[in-house]
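Okay, so here's the structure we're looking at.
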Amino acid sequence: MYITSMISITTLTIKYVLQREHPTIQEYTRAMNGVVACIAFVYAICKSLVLKLFGKKLLLLMDMVEELGAVDEAATPHRDRSVRHATLYLGLLCLIPATWTACSMFYMHNIPFPTDWPWGDHTPFRYFLSFSIDFVAATYCAVTHSTYDTIFPVCAGAICGHIASISAKMEKLGTTGNKKKDKEILTECYRLHVALLRISEHINNTFGFVFLIQSIYTVLHACVIIYQVMKVSDITLAVLNTAPILASSYAQFLLFCYYGELLTDYFERLRFGFYNNCWYQCDMEMKKTLVIMTLAANRTVRLEAYGITFAGHKTYVSGLQDSISYYLILKTVTTDT
């Protein structure tokens, strides 16, 4: 039902934008809002389809993270930070439909974007019906985005917490004076490290395609929004009208890139974590195990999209630059000669 409504709104909005003229600033702004909304709806539809396709993998990923066990004092801050960031992101997405609508009603005395509904909006009841469908679809769009966008940072935060826990436990290796205790520490860290490597591989299989779409979506979405802002003479209207959507677009991309970079960084720290202890006081069997674990830690772990791009700070900065580049291209193409 919700996917059908988003498809209908996208189709009818594009029809309205292409078939009608927009002589005033308000009408032009609403038309561009329609383009921006359509891009967000199309991406939400893609996420809904991907969610159905990879739904079992997502559930398996959450089960795998759950099976890692309870977090200790070293892991708690990382888990809490990821949950806090995900909550702030959810708040941002939930505020977007309300903020966008309030701004449009205040400045343009109309709903944010036009949709060519067959019944029109000439009476209060028809206007309310159009408004309600648009608002519900926009809210579902935000919910769809938040479902996928928050699972990754929460899982990545839990993984980073467990990596910090491994490092804290490994520091005690060789200092207990008890061979049996040292072996228990090493065995526990080995088991946890193997489980984390399996989860990281599963994360790539689950989120690689979504991150690829996210990279394309953010660049195109931001490009259109920047183009809209620069074409409107009323800069206050343009900024208030587009700031929430632009913020959400870059926040989506930032969550993936930030936690993707964090995931890579924490796995790289394990190389030193396996060495930062009194390993020389352990017996030969434990030393051999440490060598194997160190070699396994040399493997680079990151969120990749089929070798095309990867989640990291460089990718985020590149996305910002690409948005400006595509805006300049769009401006050049649409400039009257």
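Ligands are numbered from 1 in the order shown, residues from 1 within each chain, and chains are lettered A, B, ... in the order they appear in the structure tokens.
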Compile the contact shell of stretch 25-28 of chain A as number ranges by chain: residues with an atom at most 8 Å away, counting only C-alpha atoms, same-chain residues fewer than 3 positions apart removed. A: 22, 31-32, 108, 232-233
How would the residues just picked look written out with C-alpha atoms as an mmCIF file, in the first residue's frame?
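In the end it all went to out-v5.cif:
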```
data_model
loop_
_atom_site.group_PDB
_atom_site.id
_atom_site.type_symbol
_atom_site.label_atom_id
_atom_site.label_comp_id
_atom_site.auth_asym_id
_atom_site.auth_seq_id
_atom_site.Cartn_x
_atom_site.Cartn_y
_atom_site.Cartn_z
ATOM 1 C CA HIS A 22 5.763 27.876 -13.115
ATOM 2 C CA ALA A 31 7.827 22.432 -8.604
ATOM 3 C CA MET A 32 11.468 21.957 -7.585
ATOM 4 C CA MET A 108 3.618 29.680 0.207
ATOM 5 C CA VAL A 232 15.381 31.352 -6.218
ATOM 6 C CA SER A 233 15.776 35.063 -5.497
#
```
Using the chain letters and numbers from this document, which residues of stretch 34-225 of chain A does DSSP assign to helix (DSSP H, G or I), as a VMD selection string? chain A and resid 34 to 53 55 to 66 76 to 107 124 to 170 179 to 225
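Remark: for A:Trp117, the closest of the candidate residues A:Lys179, A:Lys15, A:Arg84, A:Lys288 is A:Lys15 (distances computed over only C-alpha atoms).
Taking only C-alpha atoms into account, A:Ile324 lies nearest to A:Val224 out of the set A:Ala251, A:Leu93, A:Val224, A:Leu53.
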What's the 10 Å shell around stretch 272-286 of chain A, counting only C-alpha atoms, without same-chain residues fewer than 2 positions away, as JSON, numbers by chain? {"A": [163, 164, 166, 167, 168, 169, 170, 171, 172, 173, 174, 175, 176, 177, 178, 179, 182, 183, 186, 187, 189, 267, 268, 269, 270, 288, 289, 290, 291, 292, 293, 294, 297]}
Shell of 12 Å around A:Trp100, only C-alpha atoms, local chain residues under 3 positions omitted, as a PDB file with all heavy atoms, in the first residue's frame:
```pdb
ATOM      1  N   ARG A  30       7.772  25.227  -5.479  1.00  0.00           N
ATOM      2  CA  ARG A  30       6.988  24.018  -5.250  1.00  0.00           C
ATOM      3  C   ARG A  30       7.289  22.953  -6.308  1.00  0.00           C
ATOM      4  O   ARG A  30       7.336  21.752  -6.001  1.00  0.00           O
ATOM      5  CB  ARG A  30       5.493  24.340  -5.262  1.00  0.00           C
ATOM      6  CG  ARG A  30       5.019  25.150  -4.072  1.00  0.00           C
ATOM      7  CD  ARG A  30       3.512  25.269  -4.043  1.00  0.00           C
ATOM      8  NE  ARG A  30       2.901  23.998  -3.674  1.00  0.00           N
ATOM      9  CZ  ARG A  30       1.939  23.411  -4.373  1.00  0.00           C
ATOM     10  NH1 ARG A  30       1.494  23.957  -5.505  1.00  0.00           N
ATOM     11  NH2 ARG A  30       1.421  22.280  -3.958  1.00  0.00           N
ATOM     12  N   ASN A  33      10.511  21.471  -5.403  1.00  0.00           N
ATOM     13  CA  ASN A  33      10.264  20.613  -4.245  1.00  0.00           C
ATOM     14  C   ASN A  33       9.745  19.252  -4.690  1.00  0.00           C
ATOM     15  O   ASN A  33      10.080  18.214  -4.108  1.00  0.00           O
ATOM     16  CB  ASN A  33       9.240  21.255  -3.310  1.00  0.00           C
ATOM     17  CG  ASN A  33       9.826  22.389  -2.496  1.00  0.00           C
ATOM     18  OD1 ASN A  33      11.045  22.579  -2.478  1.00  0.00           O
ATOM     19  ND2 ASN A  33       8.983  23.134  -1.828  1.00  0.00           N
ATOM     20  N   VAL A  36      12.666  17.190  -5.862  1.00  0.00           N
ATOM     21  CA  VAL A  36      13.434  16.731  -4.703  1.00  0.00           C
ATOM     22  C   VAL A  36      12.696  15.591  -3.996  1.00  0.00           C
ATOM     23  O   VAL A  36      13.294  14.576  -3.612  1.00  0.00           O
ATOM     24  CB  VAL A  36      13.677  17.896  -3.722  1.00  0.00           C
ATOM     25  CG1 VAL A  36      14.273  17.386  -2.415  1.00  0.00           C
ATOM     26  CG2 VAL A  36      14.602  18.929  -4.356  1.00  0.00           C
ATOM     27  N   ALA A  37      11.382  15.767  -3.821  1.00  0.00           N
ATOM     28  CA  ALA A  37      10.585  14.736  -3.154  1.00  0.00           C
ATOM     29  C   ALA A  37      10.560  13.445  -3.973  1.00  0.00           C
ATOM     30  O   ALA A  37      10.619  12.344  -3.409  1.00  0.00           O
ATOM     31  CB  ALA A  37       9.162  15.247  -2.915  1.00  0.00           C
ATOM     32  N   LEU A  92      15.818  13.670  13.373  1.00  0.00           N
ATOM     33  CA  LEU A  92      15.933  14.541  12.201  1.00  0.00           C
ATOM     34  C   LEU A  92      14.972  14.121  11.104  1.00  0.00           C
ATOM     35  O   LEU A  92      14.251  14.959  10.528  1.00  0.00           O
ATOM     36  CB  LEU A  92      17.375  14.493  11.677  1.00  0.00           C
ATOM     37  CG  LEU A  92      17.650  15.240  10.359  1.00  0.00           C
ATOM     38  CD1 LEU A  92      17.425  16.729  10.539  1.00  0.00           C
ATOM     39  CD2 LEU A  92      19.075  14.964   9.872  1.00  0.00           C
ATOM     40  N   LEU A  93      14.905  12.824  10.820  1.00  0.00           N
ATOM     41  CA  LEU A  93      14.018  12.350   9.756  1.00  0.00           C
ATOM     42  C   LEU A  93      12.549  12.549  10.109  1.00  0.00           C
ATOM     43  O   LEU A  93      11.732  12.851   9.240  1.00  0.00           O
ATOM     44  CB  LEU A  93      14.278  10.872   9.477  1.00  0.00           C
ATOM     45  CG  LEU A  93      15.539  10.525   8.696  1.00  0.00           C
ATOM     46  CD1 LEU A  93      15.510   9.062   8.284  1.00  0.00           C
ATOM     47  CD2 LEU A  93      15.705  11.381   7.460  1.00  0.00           C
ATOM     48  N   CYS A  94      12.205  12.365  11.365  1.00  0.00           N
ATOM     49  CA  CYS A  94      10.805  12.553  11.775  1.00  0.00           C
ATOM     50  C   CYS A  94      10.387  14.022  11.720  1.00  0.00           C
ATOM     51  O   CYS A  94       9.215  14.338  11.495  1.00  0.00           O
ATOM     52  CB  CYS A  94      10.600  12.010  13.186  1.00  0.00           C
ATOM     53  SG  CYS A  94      10.700  10.204  13.304  1.00  0.00           S
ATOM     54  N   LEU A  95      11.341  14.911  11.913  1.00  0.00           N
ATOM     55  CA  LEU A  95      11.029  16.343  11.894  1.00  0.00           C
ATOM     56  C   LEU A  95      10.911  16.902  10.480  1.00  0.00           C
ATOM     57  O   LEU A  95      10.312  17.957  10.281  1.00  0.00           O
ATOM     58  CB  LEU A  95      12.111  17.125  12.648  1.00  0.00           C
ATOM     59  CG  LEU A  95      12.046  17.077  14.180  1.00  0.00           C
ATOM     60  CD1 LEU A  95      13.256  17.781  14.775  1.00  0.00           C
ATOM     61  CD2 LEU A  95      10.762  17.715  14.691  1.00  0.00           C
ATOM     62  N   ILE A  96      11.480  16.203   9.503  1.00  0.00           N
ATOM     63  CA  ILE A  96      11.521  16.742   8.144  1.00  0.00           C
ATOM     64  C   ILE A  96      10.131  16.983   7.562  1.00  0.00           C
ATOM     65  O   ILE A  96       9.846  18.086   7.069  1.00  0.00           O
ATOM     66  CB  ILE A  96      12.351  15.827   7.229  1.00  0.00           C
ATOM     67  CG1 ILE A  96      13.829  16.021   7.532  1.00  0.00           C
ATOM     68  CG2 ILE A  96      12.092  16.127   5.756  1.00  0.00           C
ATOM     69  CD1 ILE A  96      14.726  15.074   6.812  1.00  0.00           C
ATOM     70  N   PRO A  97       9.217  15.978   7.571  1.00  0.00           N
ATOM     71  CA  PRO A  97       7.886  16.255   6.997  1.00  0.00           C
ATOM     72  C   PRO A  97       7.174  17.414   7.684  1.00  0.00           C
ATOM     73  O   PRO A  97       6.568  18.266   7.011  1.00  0.00           O
ATOM     74  CB  PRO A  97       7.131  14.924   7.217  1.00  0.00           C
ATOM     75  CG  PRO A  97       8.195  13.895   7.356  1.00  0.00           C
ATOM     76  CD  PRO A  97       9.329  14.574   8.037  1.00  0.00           C
ATOM     77  N   CYS A 103       6.994  25.194   6.911  1.00  0.00           N
ATOM     78  CA  CYS A 103       7.647  26.257   6.132  1.00  0.00           C
ATOM     79  C   CYS A 103       6.837  26.584   4.879  1.00  0.00           C
ATOM     80  O   CYS A 103       6.637  27.757   4.548  1.00  0.00           O
ATOM     81  CB  CYS A 103       9.060  25.814   5.762  1.00  0.00           C
ATOM     82  SG  CYS A 103       9.960  26.980   4.716  1.00  0.00           S
ATOM     83  N   SER A 104       6.357  25.556   4.204  1.00  0.00           N
ATOM     84  CA  SER A 104       5.587  25.780   2.976  1.00  0.00           C
ATOM     85  C   SER A 104       4.255  26.444   3.268  1.00  0.00           C
ATOM     86  O   SER A 104       3.813  27.340   2.530  1.00  0.00           O
ATOM     87  CB  SER A 104       5.351  24.439   2.260  1.00  0.00           C
ATOM     88  OG  SER A 104       6.569  23.865   1.870  1.00  0.00           O
ATOM     89  N   MET A 105       3.605  26.035   4.344  1.00  0.00           N
ATOM     90  CA  MET A 105       2.322  26.638   4.695  1.00  0.00           C
ATOM     91  C   MET A 105       2.496  28.106   5.105  1.00  0.00           C
ATOM     92  O   MET A 105       1.643  28.950   4.831  1.00  0.00           O
ATOM     93  CB  MET A 105       1.665  25.852   5.827  1.00  0.00           C
ATOM     94  CG  MET A 105       1.290  24.417   5.468  1.00  0.00           C
ATOM     95  SD  MET A 105       0.075  24.282   4.136  1.00  0.00           S
ATOM     96  CE  MET A 105      -1.374  24.912   4.957  1.00  0.00           C
ATOM     97  N   PHE A 106       3.616  28.412   5.746  1.00  0.00           N
ATOM     98  CA  PHE A 106       3.853  29.782   6.220  1.00  0.00           C
ATOM     99  C   PHE A 106       4.224  30.710   5.068  1.00  0.00           C
ATOM    100  O   PHE A 106       3.723  31.839   4.978  1.00  0.00           O
ATOM    101  CB  PHE A 106       4.957  29.773   7.275  1.00  0.00           C
ATOM    102  CG  PHE A 106       5.269  31.130   7.835  1.00  0.00           C
ATOM    103  CD1 PHE A 106       4.447  31.711   8.789  1.00  0.00           C
ATOM    104  CD2 PHE A 106       6.378  31.837   7.395  1.00  0.00           C
ATOM    105  CE1 PHE A 106       4.729  32.973   9.291  1.00  0.00           C
ATOM    106  CE2 PHE A 106       6.668  33.087   7.896  1.00  0.00           C
ATOM    107  CZ  PHE A 106       5.837  33.664   8.858  1.00  0.00           C
ATOM    108  N   TYR A 107       5.112  30.248   4.181  1.00  0.00           N
ATOM    109  CA  TYR A 107       5.608  31.107   3.109  1.00  0.00           C
ATOM    110  C   TYR A 107       4.755  31.050   1.843  1.00  0.00           C
ATOM    111  O   TYR A 107       4.534  32.066   1.183  1.00  0.00           O
ATOM    112  CB  TYR A 107       7.050  30.738   2.761  1.00  0.00           C
ATOM    113  CG  TYR A 107       8.079  31.418   3.631  1.00  0.00           C
ATOM    114  CD1 TYR A 107       8.580  30.792   4.757  1.00  0.00           C
ATOM    115  CD2 TYR A 107       8.544  32.691   3.329  1.00  0.00           C
ATOM    116  CE1 TYR A 107       9.525  31.420   5.563  1.00  0.00           C
ATOM    117  CE2 TYR A 107       9.484  33.327   4.114  1.00  0.00           C
ATOM    118  CZ  TYR A 107       9.970  32.685   5.233  1.00  0.00           C
ATOM    119  OH  TYR A 107      10.895  33.299   6.021  1.00  0.00           O
ATOM    120  N   MET A 108       4.312  29.848   1.487  1.00  0.00           N
ATOM    121  CA  MET A 108       3.618  29.680   0.207  1.00  0.00           C
ATOM    122  C   MET A 108       2.139  29.387   0.378  1.00  0.00           C
ATOM    123  O   MET A 108       1.405  29.297  -0.606  1.00  0.00           O
ATOM    124  CB  MET A 108       4.286  28.550  -0.591  1.00  0.00           C
ATOM    125  CG  MET A 108       5.718  28.857  -0.968  1.00  0.00           C
ATOM    126  SD  MET A 108       6.510  27.534  -1.938  1.00  0.00           S
ATOM    127  CE  MET A 108       6.670  26.242  -0.715  1.00  0.00           C
ATOM    128  N   ASN A 110       0.630  26.700   1.052  1.00  0.00           N
ATOM    129  CA  ASN A 110       0.267  25.503   0.304  1.00  0.00           C
ATOM    130  C   ASN A 110       1.146  24.348   0.771  1.00  0.00           C
ATOM    131  O   ASN A 110       2.126  24.550   1.482  1.00  0.00           O
ATOM    132  CB  ASN A 110       0.455  25.731  -1.201  1.00  0.00           C
ATOM    133  CG  ASN A 110      -0.523  24.906  -2.030  1.00  0.00           C
ATOM    134  OD1 ASN A 110      -0.952  23.827  -1.612  1.00  0.00           O
ATOM    135  ND2 ASN A 110      -0.868  25.406  -3.211  1.00  0.00           N
ATOM    136  N   ILE A 111       0.772  23.122   0.374  1.00  0.00           N
ATOM    137  CA  ILE A 111       1.577  21.961   0.727  1.00  0.00           C
ATOM    138  C   ILE A 111       2.912  22.037  -0.015  1.00  0.00           C
ATOM    139  O   ILE A 111       3.028  22.717  -1.034  1.00  0.00           O
ATOM    140  CB  ILE A 111       0.831  20.650   0.390  1.00  0.00           C
ATOM    141  CG1 ILE A 111       0.410  20.626  -1.078  1.00  0.00           C
ATOM    142  CG2 ILE A 111      -0.360  20.466   1.289  1.00  0.00           C
ATOM    143  CD1 ILE A 111      -0.334  19.356  -1.463  1.00  0.00           C
ATOM    144  N   PRO A 112       3.969  21.380   0.502  1.00  0.00           N
ATOM    145  CA  PRO A 112       5.330  21.597  -0.031  1.00  0.00           C
ATOM    146  C   PRO A 112       5.494  21.339  -1.518  1.00  0.00           C
ATOM    147  O   PRO A 112       6.201  22.088  -2.198  1.00  0.00           O
ATOM    148  CB  PRO A 112       6.170  20.606   0.789  1.00  0.00           C
ATOM    149  CG  PRO A 112       5.398  20.378   2.034  1.00  0.00           C
ATOM    150  CD  PRO A 112       3.961  20.460   1.644  1.00  0.00           C
ATOM    151  N   PHE A 113       4.903  20.269  -2.042  1.00  0.00           N
ATOM    152  CA  PHE A 113       5.123  19.955  -3.453  1.00  0.00           C
ATOM    153  C   PHE A 113       3.790  19.617  -4.125  1.00  0.00           C
ATOM    154  O   PHE A 113       2.869  19.102  -3.482  1.00  0.00           O
ATOM    155  CB  PHE A 113       6.112  18.795  -3.624  1.00  0.00           C
ATOM    156  CG  PHE A 113       5.699  17.532  -2.923  1.00  0.00           C
ATOM    157  CD1 PHE A 113       4.922  16.577  -3.570  1.00  0.00           C
ATOM    158  CD2 PHE A 113       6.085  17.288  -1.619  1.00  0.00           C
ATOM    159  CE1 PHE A 113       4.545  15.412  -2.930  1.00  0.00           C
ATOM    160  CE2 PHE A 113       5.713  16.124  -0.961  1.00  0.00           C
ATOM    161  CZ  PHE A 113       4.941  15.187  -1.623  1.00  0.00           C
ATOM    162  N   ASP A 134      -0.185  12.924   0.844  1.00  0.00           N
ATOM    163  CA  ASP A 134       1.204  13.366   0.685  1.00  0.00           C
ATOM    164  C   ASP A 134       1.969  13.262   2.004  1.00  0.00           C
ATOM    165  O   ASP A 134       3.120  12.813   2.039  1.00  0.00           O
ATOM    166  CB  ASP A 134       1.252  14.807   0.178  1.00  0.00           C
ATOM    167  CG  ASP A 134       0.822  14.924  -1.278  1.00  0.00           C
ATOM    168  OD1 ASP A 134       0.810  13.887  -1.966  1.00  0.00           O
ATOM    169  OD2 ASP A 134       0.497  16.033  -1.723  1.00  0.00           O
ATOM    170  N   PHE A 135       1.341  13.663   3.093  1.00  0.00           N
ATOM    171  CA  PHE A 135       2.016  13.666   4.391  1.00  0.00           C
ATOM    172  C   PHE A 135       2.298  12.244   4.866  1.00  0.00           C
ATOM    173  O   PHE A 135       3.386  11.945   5.373  1.00  0.00           O
ATOM    174  CB  PHE A 135       1.177  14.413   5.429  1.00  0.00           C
ATOM    175  CG  PHE A 135       1.863  14.566   6.748  1.00  0.00           C
ATOM    176  CD1 PHE A 135       2.802  15.570   6.942  1.00  0.00           C
ATOM    177  CD2 PHE A 135       1.582  13.715   7.803  1.00  0.00           C
ATOM    178  CE1 PHE A 135       3.448  15.713   8.155  1.00  0.00           C
ATOM    179  CE2 PHE A 135       2.218  13.852   9.028  1.00  0.00           C
ATOM    180  CZ  PHE A 135       3.158  14.863   9.205  1.00  0.00           C
ATOM    181  N   ALA A 138       5.118  10.834   2.799  1.00  0.00           N
ATOM    182  CA  ALA A 138       6.396  11.424   3.193  1.00  0.00           C
ATOM    183  C   ALA A 138       6.880  10.848   4.523  1.00  0.00           C
ATOM    184  O   ALA A 138       8.073  10.599   4.706  1.00  0.00           O
ATOM    185  CB  ALA A 138       6.266  12.941   3.295  1.00  0.00           C
ATOM    186  N   THR A 139       5.957  10.619   5.435  1.00  0.00           N
ATOM    187  CA  THR A 139       6.320  10.028   6.726  1.00  0.00           C
ATOM    188  C   THR A 139       6.815   8.598   6.547  1.00  0.00           C
ATOM    189  O   THR A 139       7.827   8.189   7.146  1.00  0.00           O
ATOM    190  CB  THR A 139       5.118  10.048   7.689  1.00  0.00           C
ATOM    191  OG1 THR A 139       4.650  11.398   7.834  1.00  0.00           O
ATOM    192  CG2 THR A 139       5.502   9.494   9.045  1.00  0.00           C
ATOM    193  N   LEU A 237      13.488  31.994   1.852  1.00  0.00           N
ATOM    194  CA  LEU A 237      12.563  30.929   1.479  1.00  0.00           C
ATOM    195  C   LEU A 237      13.313  29.691   0.999  1.00  0.00           C
ATOM    196  O   LEU A 237      12.988  28.565   1.390  1.00  0.00           O
ATOM    197  CB  LEU A 237      11.614  31.424   0.383  1.00  0.00           C
ATOM    198  CG  LEU A 237      10.709  30.366  -0.272  1.00  0.00           C
ATOM    199  CD1 LEU A 237       9.781  29.745   0.757  1.00  0.00           C
ATOM    200  CD2 LEU A 237       9.917  30.985  -1.421  1.00  0.00           C
ATOM    201  N   ALA A 238      14.324  29.915   0.181  1.00  0.00           N
ATOM    202  CA  ALA A 238      15.068  28.787  -0.376  1.00  0.00           C
ATOM    203  C   ALA A 238      15.772  27.980   0.713  1.00  0.00           C
ATOM    204  O   ALA A 238      15.721  26.748   0.729  1.00  0.00           O
ATOM    205  CB  ALA A 238      16.084  29.300  -1.395  1.00  0.00           C
ATOM    206  N   VAL A 239      16.419  28.690   1.652  1.00  0.00           N
ATOM    207  CA  VAL A 239      17.172  28.003   2.705  1.00  0.00           C
ATOM    208  C   VAL A 239      16.234  27.261   3.655  1.00  0.00           C
ATOM    209  O   VAL A 239      16.447  26.078   3.968  1.00  0.00           O
ATOM    210  CB  VAL A 239      18.055  28.996   3.479  1.00  0.00           C
ATOM    211  CG1 VAL A 239      18.668  28.320   4.707  1.00  0.00           C
ATOM    212  CG2 VAL A 239      19.154  29.543   2.580  1.00  0.00           C
ATOM    213  N   LEU A 240      15.193  27.938   4.124  1.00  0.00           N
ATOM    214  CA  LEU A 240      14.261  27.292   5.050  1.00  0.00           C
ATOM    215  C   LEU A 240      13.532  26.126   4.393  1.00  0.00           C
ATOM    216  O   LEU A 240      13.186  25.143   5.054  1.00  0.00           O
ATOM    217  CB  LEU A 240      13.239  28.310   5.569  1.00  0.00           C
ATOM    218  CG  LEU A 240      13.779  29.395   6.509  1.00  0.00           C
ATOM    219  CD1 LEU A 240      12.675  30.366   6.881  1.00  0.00           C
ATOM    220  CD2 LEU A 240      14.379  28.767   7.768  1.00  0.00           C
ATOM    221  N   ASN A 241      13.321  26.233   3.098  1.00  0.00           N
ATOM    222  CA  ASN A 241      12.576  25.206   2.388  1.00  0.00           C
ATOM    223  C   ASN A 241      13.417  23.966   2.093  1.00  0.00           C
ATOM    224  O   ASN A 241      12.903  22.844   2.050  1.00  0.00           O
ATOM    225  CB  ASN A 241      12.040  25.789   1.071  1.00  0.00           C
ATOM    226  CG  ASN A 241      11.127  24.819   0.347  1.00  0.00           C
ATOM    227  OD1 ASN A 241      10.110  24.387   0.875  1.00  0.00           O
ATOM    228  ND2 ASN A 241      11.502  24.472  -0.870  1.00  0.00           N
ATOM    229  N   THR A 242      14.720  24.163   1.897  1.00  0.00           N
ATOM    230  CA  THR A 242      15.567  23.048   1.474  1.00  0.00           C
ATOM    231  C   THR A 242      16.510  22.528   2.556  1.00  0.00           C
ATOM    232  O   THR A 242      17.024  21.412   2.434  1.00  0.00           O
ATOM    233  CB  THR A 242      16.431  23.467   0.262  1.00  0.00           C
ATOM    234  OG1 THR A 242      17.219  24.618   0.625  1.00  0.00           O
ATOM    235  CG2 THR A 242      15.554  23.821  -0.923  1.00  0.00           C
ATOM    236  N   ALA A 243      16.743  23.321   3.608  1.00  0.00           N
ATOM    237  CA  ALA A 243      17.705  22.921   4.643  1.00  0.00           C
ATOM    238  C   ALA A 243      17.384  21.566   5.285  1.00  0.00           C
ATOM    239  O   ALA A 243      18.284  20.734   5.445  1.00  0.00           O
ATOM    240  CB  ALA A 243      17.818  24.008   5.710  1.00  0.00           C
ATOM    241  N   PRO A 244      16.122  21.293   5.658  1.00  0.00           N
ATOM    242  CA  PRO A 244      15.845  19.981   6.284  1.00  0.00           C
ATOM    243  C   PRO A 244      16.142  18.804   5.370  1.00  0.00           C
ATOM    244  O   PRO A 244      16.729  17.800   5.807  1.00  0.00           O
ATOM    245  CB  PRO A 244      14.341  20.068   6.615  1.00  0.00           C
ATOM    246  CG  PRO A 244      14.036  21.516   6.683  1.00  0.00           C
ATOM    247  CD  PRO A 244      14.915  22.154   5.660  1.00  0.00           C
ATOM    248  N   ILE A 245      15.760  18.912   4.094  1.00  0.00           N
ATOM    249  CA  ILE A 245      15.986  17.814   3.159  1.00  0.00           C
ATOM    250  C   ILE A 245      17.474  17.634   2.879  1.00  0.00           C
ATOM    251  O   ILE A 245      17.993  16.503   2.837  1.00  0.00           O
ATOM    252  CB  ILE A 245      15.238  18.066   1.842  1.00  0.00           C
ATOM    253  CG1 ILE A 245      13.729  18.238   2.109  1.00  0.00           C
ATOM    254  CG2 ILE A 245      15.463  16.929   0.872  1.00  0.00           C
ATOM    255  CD1 ILE A 245      13.083  16.997   2.668  1.00  0.00           C
ATOM    256  N   LEU A 246      18.186  18.764   2.699  1.00  0.00           N
ATOM    257  CA  LEU A 246      19.621  18.678   2.438  1.00  0.00           C
ATOM    258  C   LEU A 246      20.354  18.088   3.639  1.00  0.00           C
ATOM    259  O   LEU A 246      21.274  17.262   3.489  1.00  0.00           O
ATOM    260  CB  LEU A 246      20.180  20.065   2.111  1.00  0.00           C
ATOM    261  CG  LEU A 246      21.647  20.134   1.680  1.00  0.00           C
ATOM    262  CD1 LEU A 246      21.868  19.316   0.419  1.00  0.00           C
ATOM    263  CD2 LEU A 246      22.079  21.579   1.470  1.00  0.00           C
ATOM    264  N   SER A 248      19.147  16.002   5.876  1.00  0.00           N
ATOM    265  CA  SER A 248      18.870  14.561   5.981  1.00  0.00           C
ATOM    266  C   SER A 248      19.663  13.772   4.943  1.00  0.00           C
ATOM    267  O   SER A 248      20.156  12.671   5.219  1.00  0.00           O
ATOM    268  CB  SER A 248      17.371  14.297   5.802  1.00  0.00           C
ATOM    269  OG  SER A 248      16.966  14.569   4.472  1.00  0.00           O
TER     270      SER A 248
END
```
Contact residues around A:Gln252 with only C-alpha atoms at 12 Å, ignoring same-chain residues under 6 positions, as a ChimeraX atom specification: /A:40,43,85-86,88-90,92-93,142,145-153,210-211,213-215,217-219,221-222,245-246,258-259,311,316
List the neighbours of A:Gly307 out to 12 Å using only C-alpha atoms; skip same-chain residues closer than 6 positions along the sequence, and give me the result as a PyMOL selection string. chain A and resi 204+208-209+211-212
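Using only C-alpha atoms, the contacts of A:Thr4 at a cut-off of 12 Å, with sequence neighbours closer than 5 positions omitted, comprise Ile9, Thr10, Thr11, Phe41, Val42, Ala44, Ile45, Ser48, Leu49, Ile133, Ala137, Tyr140 and Cys141 of chain A.
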